[in-house]
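See below for start-v2.txt, which holds compact mmCIF, C-alpha atoms.
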```
# COMPACT_ATOMS: atom_id res chain seq x y z
CA MET N 1 -24.54 1.23 -18.50
CA SER N 2 -24.03 -1.26 -21.27
CA ASP N 3 -22.72 0.56 -24.38
CA THR N 4 -19.53 -0.74 -25.96
CA THR N 5 -16.45 0.63 -24.21
CA SER N 6 -13.22 1.49 -26.00
CA ILE N 7 -10.48 1.97 -23.42
CA LYS N 8 -7.04 3.34 -24.26
CA HIS N 9 -4.48 1.65 -22.01
CA PRO N 10 -1.09 3.21 -21.29
CA SER N 11 1.64 0.68 -20.57
CA GLY N 12 1.23 -0.68 -17.04
CA LEU N 13 3.33 -2.23 -14.34
CA THR N 14 3.88 -5.95 -14.79
CA SER N 15 4.32 -7.20 -11.25
CA GLY N 16 5.32 -6.35 -7.72
CA ASP N 17 3.98 -4.52 -4.71
CA PHE N 18 1.74 -1.63 -5.75
CA THR N 19 3.25 0.53 -3.01
CA ALA N 20 6.51 0.52 -5.01
CA ALA N 21 4.86 2.29 -7.96
CA GLU N 22 6.25 5.73 -8.74
CA GLU N 23 3.68 6.84 -11.35
CA PRO N 24 -0.11 6.63 -10.92
CA PHE N 25 -1.30 6.12 -14.51
CA ALA N 26 0.74 2.96 -14.99
CA LEU N 27 -0.52 1.61 -11.68
CA PHE N 28 -4.10 2.46 -12.65
CA ALA N 29 -3.61 0.61 -15.94
CA GLU N 30 -2.51 -2.51 -14.10
CA TRP N 31 -5.40 -2.40 -11.65
CA PHE N 32 -7.96 -1.66 -14.35
CA ALA N 33 -6.71 -4.57 -16.45
CA GLU N 34 -7.16 -6.90 -13.45
CA ALA N 35 -10.61 -5.47 -12.72
CA SER N 36 -11.63 -6.01 -16.36
CA GLY N 37 -11.05 -9.71 -15.83
CA SER N 38 -12.69 -10.02 -12.42
CA GLU N 39 -15.62 -7.60 -12.15
CA PRO N 40 -18.96 -9.16 -13.19
CA ASN N 41 -20.30 -5.89 -14.63
CA ASP N 42 -18.89 -2.57 -15.84
CA PRO N 43 -15.31 -2.44 -14.49
CA ASN N 44 -15.21 1.06 -16.05
CA ALA N 45 -18.05 2.32 -13.82
CA MET N 46 -17.01 5.26 -11.67
CA ALA N 47 -18.69 7.59 -9.22
CA LEU N 48 -18.48 11.18 -10.44
CA ALA N 49 -18.74 13.96 -7.84
CA THR N 50 -19.37 17.62 -8.68
CA VAL N 51 -20.75 20.60 -6.76
CA ASP N 52 -23.62 22.93 -7.56
CA ALA N 53 -23.72 26.72 -7.41
CA ASP N 54 -24.36 26.58 -3.64
CA GLY N 55 -21.39 24.28 -3.06
CA LEU N 56 -23.64 21.28 -2.35
CA PRO N 57 -21.93 18.04 -3.50
CA ASP N 58 -23.59 15.79 -6.04
CA VAL N 59 -22.55 12.27 -7.04
CA ARG N 60 -23.68 9.69 -9.62
CA MET N 61 -22.35 6.65 -11.45
CA VAL N 62 -21.06 7.13 -15.00
CA LEU N 63 -18.95 5.03 -17.38
CA MET N 64 -15.34 5.85 -18.14
CA LYS N 65 -15.05 5.73 -21.91
CA GLY N 66 -11.32 6.28 -22.25
CA TYR N 67 -8.20 7.19 -20.32
CA ASP N 68 -4.57 8.02 -20.95
CA SER N 69 -1.90 10.18 -19.32
CA HIS N 70 -4.07 13.26 -19.94
CA GLY N 71 -7.01 12.01 -17.86
CA PHE N 72 -10.32 10.14 -17.71
CA VAL N 73 -13.13 10.67 -20.23
CA PHE N 74 -16.91 10.30 -19.91
CA TYR N 75 -19.87 11.49 -21.99
CA SER N 76 -23.29 13.00 -21.30
CA HIS N 77 -25.58 15.91 -22.14
CA LYS N 78 -24.20 19.38 -21.53
CA ALA N 79 -27.61 20.43 -20.15
CA SER N 80 -27.68 17.58 -17.62
CA GLN N 81 -27.20 18.37 -13.96
CA LYS N 82 -23.60 17.19 -14.09
CA GLY N 83 -22.99 19.24 -17.24
CA ARG N 84 -24.39 22.39 -15.66
CA GLU N 85 -22.39 21.87 -12.47
CA ILE N 86 -19.17 21.29 -14.39
CA ALA N 87 -19.81 24.44 -16.43
CA GLY N 88 -20.12 26.42 -13.19
CA ASN N 89 -17.18 24.78 -11.41
CA PRO N 90 -14.89 22.75 -13.71
CA LYS N 91 -13.49 20.47 -11.01
CA ALA N 92 -14.54 16.94 -10.10
CA ALA N 93 -13.70 13.79 -8.19
CA LEU N 94 -13.93 10.16 -9.31
CA LEU N 95 -14.10 6.88 -7.45
CA PHE N 96 -13.51 3.44 -8.93
CA HIS N 97 -14.53 0.59 -6.61
CA TRP N 98 -13.70 -2.97 -7.65
CA LYS N 99 -15.29 -5.16 -5.03
CA SER N 100 -13.99 -8.37 -6.61
CA LEU N 101 -10.42 -7.16 -5.96
CA ARG N 102 -11.14 -5.27 -2.73
CA ARG N 103 -9.59 -2.18 -4.25
CA GLN N 104 -10.59 1.39 -4.94
CA VAL N 105 -9.01 4.36 -6.70
CA ARG N 106 -9.89 7.98 -5.94
CA VAL N 107 -9.13 10.76 -8.42
CA ARG N 108 -9.46 14.54 -8.14
CA GLY N 109 -8.74 17.18 -10.75
CA SER N 110 -9.88 19.77 -13.24
CA VAL N 111 -12.41 19.15 -16.02
CA THR N 112 -12.21 20.22 -19.67
CA PRO N 113 -14.47 19.42 -22.65
CA VAL N 114 -13.29 16.86 -25.18
CA SER N 115 -12.95 17.98 -28.79
CA ASP N 116 -15.84 17.72 -31.23
CA ALA N 117 -13.84 15.10 -33.13
CA GLU N 118 -13.48 12.95 -29.99
CA ALA N 119 -17.18 13.27 -29.17
CA ASP N 120 -18.19 12.43 -32.76
CA ALA N 121 -15.90 9.39 -32.83
CA TYR N 122 -17.27 7.98 -29.58
CA PHE N 123 -20.92 8.73 -30.44
CA ALA N 124 -20.49 6.73 -33.65
CA THR N 125 -19.60 3.62 -31.60
CA ARG N 126 -22.84 3.67 -29.61
CA SER N 127 -25.73 1.44 -30.56
CA LYS N 128 -28.34 3.12 -32.75
CA GLN N 129 -30.91 2.79 -29.97
CA SER N 130 -28.60 4.68 -27.60
CA GLN N 131 -27.94 7.33 -30.24
CA ILE N 132 -31.69 7.83 -30.69
CA GLY N 133 -32.15 7.99 -26.92
CA ALA N 134 -29.56 10.77 -26.70
CA TRP N 135 -31.68 12.86 -29.09
CA ALA N 136 -34.98 12.05 -27.38
CA SER N 137 -33.87 12.67 -23.78
CA LYS N 138 -33.89 16.11 -22.17
CA GLN N 139 -31.58 14.75 -19.51
CA SER N 140 -32.27 15.83 -15.91
CA GLN N 141 -35.35 17.84 -16.94
CA PRO N 142 -38.84 17.03 -15.55
CA LEU N 143 -40.64 14.26 -17.49
CA GLU N 144 -44.45 14.27 -17.51
CA SER N 145 -44.73 10.53 -18.18
CA ARG N 146 -42.85 7.51 -19.47
CA PHE N 147 -45.26 7.42 -22.38
CA ALA N 148 -44.18 10.93 -23.42
CA PHE N 149 -40.57 9.76 -23.48
CA GLU N 150 -41.46 6.70 -25.55
CA GLN N 151 -43.28 8.95 -28.01
CA ALA N 152 -40.20 11.16 -28.29
CA ILE N 153 -38.02 8.09 -28.92
CA ALA N 154 -40.41 6.88 -31.62
CA GLY N 155 -40.39 10.28 -33.27
CA VAL N 156 -36.58 10.40 -33.43
CA ALA N 157 -36.39 6.79 -34.63
CA ALA N 158 -38.78 7.60 -37.48
CA LYS N 159 -36.44 10.34 -38.68
CA HIS N 160 -33.46 8.00 -38.72
CA LEU N 161 -34.82 4.77 -40.16
CA ILE N 162 -31.97 4.75 -42.68
CA GLY N 163 -28.43 6.00 -42.36
CA GLU N 164 -26.28 7.19 -39.51
CA VAL N 165 -27.53 9.14 -36.52
CA PRO N 166 -25.49 12.34 -36.01
CA ARG N 167 -24.36 13.45 -32.58
CA PRO N 168 -26.80 15.87 -30.91
CA PRO N 169 -25.31 19.36 -30.52
CA GLY N 170 -25.88 19.31 -26.75
CA TRP N 171 -24.25 15.92 -26.21
CA SER N 172 -20.50 15.70 -25.63
CA GLY N 173 -17.79 14.58 -23.24
CA TRP N 174 -15.38 15.78 -20.60
CA ARG N 175 -11.86 14.89 -19.52
CA ILE N 176 -10.83 14.95 -15.87
CA THR N 177 -7.11 15.69 -15.57
CA PRO N 178 -5.90 14.42 -12.17
CA ILE N 179 -3.80 16.28 -9.66
CA ARG N 180 -4.57 13.69 -6.95
CA PHE N 181 -4.75 9.88 -6.97
CA GLU N 182 -5.31 7.57 -4.03
CA PHE N 183 -4.94 3.80 -4.37
CA TRP N 184 -6.58 1.76 -1.61
CA HIS N 185 -6.19 -1.98 -1.09
CA ASP N 186 -8.09 -3.94 1.54
CA ARG N 187 -5.99 -5.68 4.19
CA PRO N 188 -7.05 -7.87 7.16
CA PHE N 189 -8.27 -6.22 10.36
CA ARG N 190 -8.84 -2.92 8.48
CA LEU N 191 -5.07 -2.34 8.26
CA HIS N 192 -5.45 -1.24 4.65
CA ASP N 193 -2.76 -0.04 2.25
CA ARG N 194 -3.22 3.52 0.99
CA ILE N 195 -0.89 5.32 -1.40
CA GLU N 196 -1.48 8.90 -2.50
CA PHE N 197 0.04 10.63 -5.54
CA ARG N 198 -0.05 14.43 -5.73
CA ARG N 199 1.05 17.18 -8.08
CA ASP N 200 0.34 20.91 -7.95
CA THR N 201 -0.54 21.15 -11.66
CA PRO N 202 -0.48 18.73 -14.61
CA ALA N 203 2.93 20.19 -15.53
CA HIS N 204 4.49 19.25 -12.17
CA PRO N 205 6.01 15.87 -11.24
CA TRP N 206 4.15 13.45 -8.97
CA THR N 207 5.00 13.00 -5.31
CA LYS N 208 3.99 9.87 -3.42
CA THR N 209 2.93 9.41 0.21
CA ARG N 210 1.84 6.36 2.17
CA LEU N 211 -1.24 7.11 4.31
CA TYR N 212 -2.50 5.58 7.52
CA PRO N 213 -5.55 3.38 6.96
```

Would you put the structure from the file into structure tokens?
Amino acid sequence: MSDTTSIKHPSGLTSGDFTAAEEPFALFAEWFAEASGSEPNDPNAMALATVDADGLPDVRMVLMKGYDSHGFVFYSHKASQKGREIAGNPKAALLFHWKSLRRQVRVRGSVTPVSDAEADAYFATRSKQSQIGAWASKQSQPLESRFAFEQAIAGVAAKHLIGEVPRPPGWSGWRITPIRFEFWHDRPFRLHDRIEFRRDTPAHPWTKTRLYP
């Protein structure tokens, strides 16, 4: 998880008790900015949870590659396990955990594909080696050997010795549009602060509730 990240920041809160926040995206922007200065690796790493056709939950770490008031964006192969599960049930949950700050943010919402233009623009920012890997990998499919994968990488690299590498047709991104946020901050003796924001749909206003630890 080391590709260059381009994060779009909405304007954030400047100071004060986070429990006074009335809007979750601005609060997230403040916390993410602090995490970007304190986390030793990948402050944009997030756990992504989906469910399969049998309703069995599945979770993995991915990298957030952008966010704004419309939601959180990540990229992968459409044929990957996560891609297939999202196609069958376009809802997901996210978890950001910043151990250096003793904070976490939970997000739940619906999932929609990003536009081709967005996917093309992000793919162009990836290193050439990562672009080649996206073509060579049949993500989540059985792999007979590491050597077979290395051969596939070499074959793709040979085709793109010169010039740009186009985005593979099966590689794209998704946007999770939240209807739930929970901000959690560690406190002594497990008396943590928890603030939940809810809305029925993206068109509705947010409501805020303090939760017991």

(request) For N:Asp200, list every protein, DNA or RNA residue within 10 Å, evaluated using all atoms listed in the file, and leave out those in the same chain fewer than 5 positions away; present the list as number ranges by chain. (result) N: 178-180, 205-207

(request) Figure out the distance between atom CA of N:Phe189 and atom CA of N:Val105, please, to one decimal in Å. (result)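 For atom CA of N:Val105 relative to atom CA of N:Phe189, the distance reads 20.1 Å.
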
(request) Tell me, in Å to one decimal, how far atom CA of N:Arg146 is from atom CA of N:Ile132. (result) 15.8 Å

(request) Extract, using all atoms listed in the file, all DNA, RNA and protein residues at most 12 Å from N:Glu182, discarding same-chain residues fewer than 6 positions from it, and format them as a PyMOL selection string. (result) chain N and resi 18-19+23-25+27-28+93-97+103-108+193-198+207-211+213

(request) Excluding N:Lys138 and any residue of its chain fewer than 6 positions from it, enumerate the residues within 12 Å of it, using all atoms listed in the file, and give them as a PyMOL selection string. (result) chain N and resi 76-81+144+148-149+152-153+168+170-171

(message) With distances taken over all atoms listed in the file, which residue among N:Gly66, N:Pro90, N:Gly155, N:Pro43 lies nearest N:Gly109?
(response)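 For N:Gly109, the nearest of the given residues is N:Pro90.
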
Could you pull stretch 64-117 of chain N out of the structure I just pasted and write it to a file containing C-alpha atoms, as a CSV table (one decimal), in the first residue's frame?
```
chain,number,residue,atom,x,y,z
N,64,MET,CA,-8.6,5.6,0.5
N,65,LYS,CA,-7.6,7.6,-2.6
N,66,GLY,CA,-9.9,10.5,-2.3
N,67,TYR,CA,-12.8,11.9,-0.3
N,68,ASP,CA,-15.2,14.9,-0.3
N,69,SER,CA,-18.7,15.5,0.8
N,70,HIS,CA,-19.9,12.9,-1.6
N,71,GLY,CA,-18.0,10.0,0.0
N,72,PHE,CA,-14.8,8.0,0.1
N,73,VAL,CA,-13.1,6.5,-2.9
N,74,PHE,CA,-10.9,3.4,-3.4
N,75,TYR,CA,-9.8,1.5,-6.5
N,76,SER,CA,-9.4,-2.2,-7.4
N,77,HIS,CA,-10.3,-4.8,-10.0
N,78,LYS,CA,-14.0,-5.3,-10.7
N,79,ALA,CA,-13.5,-9.1,-10.8
N,80,SER,CA,-11.9,-9.1,-7.3
N,81,GLN,CA,-13.8,-10.6,-4.4
N,82,LYS,CA,-14.6,-7.1,-3.1
N,83,GLY,CA,-15.7,-6.1,-6.6
N,84,ARG,CA,-18.0,-9.1,-7.0
N,85,GLU,CA,-19.5,-8.6,-3.5
N,86,ILE,CA,-20.2,-4.9,-4.2
N,87,ALA,CA,-21.8,-5.8,-7.5
N,88,GLY,CA,-24.2,-8.2,-5.7
N,89,ASN,CA,-24.8,-5.9,-2.7
N,90,PRO,CA,-23.7,-2.3,-3.2
N,91,LYS,CA,-23.4,-1.4,0.5
N,92,ALA,CA,-20.2,-1.3,2.6
N,93,ALA,CA,-18.6,-0.3,5.9
N,94,LEU,CA,-15.3,1.4,6.5
N,95,LEU,CA,-13.0,1.7,9.5
N,96,PHE,CA,-10.1,4.1,9.9
N,97,HIS,CA,-7.9,3.3,13.0
N,98,TRP,CA,-5.2,5.8,13.9
N,99,LYS,CA,-3.3,4.2,16.7
N,100,SER,CA,-1.0,7.2,17.1
N,101,LEU,CA,-4.0,9.4,18.0
N,102,ARG,CA,-6.0,6.7,19.7
N,103,ARG,CA,-8.9,7.4,17.4
N,104,GLN,CA,-11.1,5.6,15.0
N,105,VAL,CA,-13.8,6.5,12.5
N,106,ARG,CA,-16.5,4.1,11.3
N,107,VAL,CA,-18.5,4.7,8.1
N,108,ARG,CA,-21.4,2.9,6.6
N,109,GLY,CA,-23.2,3.6,3.4
N,110,SER,CA,-24.1,2.8,-0.2
N,111,VAL,CA,-21.5,2.1,-3.0
N,112,THR,CA,-21.4,3.4,-6.5
N,113,PRO,CA,-18.8,3.2,-9.3
N,114,VAL,CA,-16.6,6.2,-10.0
N,115,SER,CA,-16.7,7.6,-13.5
N,116,ASP,CA,-14.3,6.4,-16.2
N,117,ALA,CA,-12.7,9.8,-16.2
```
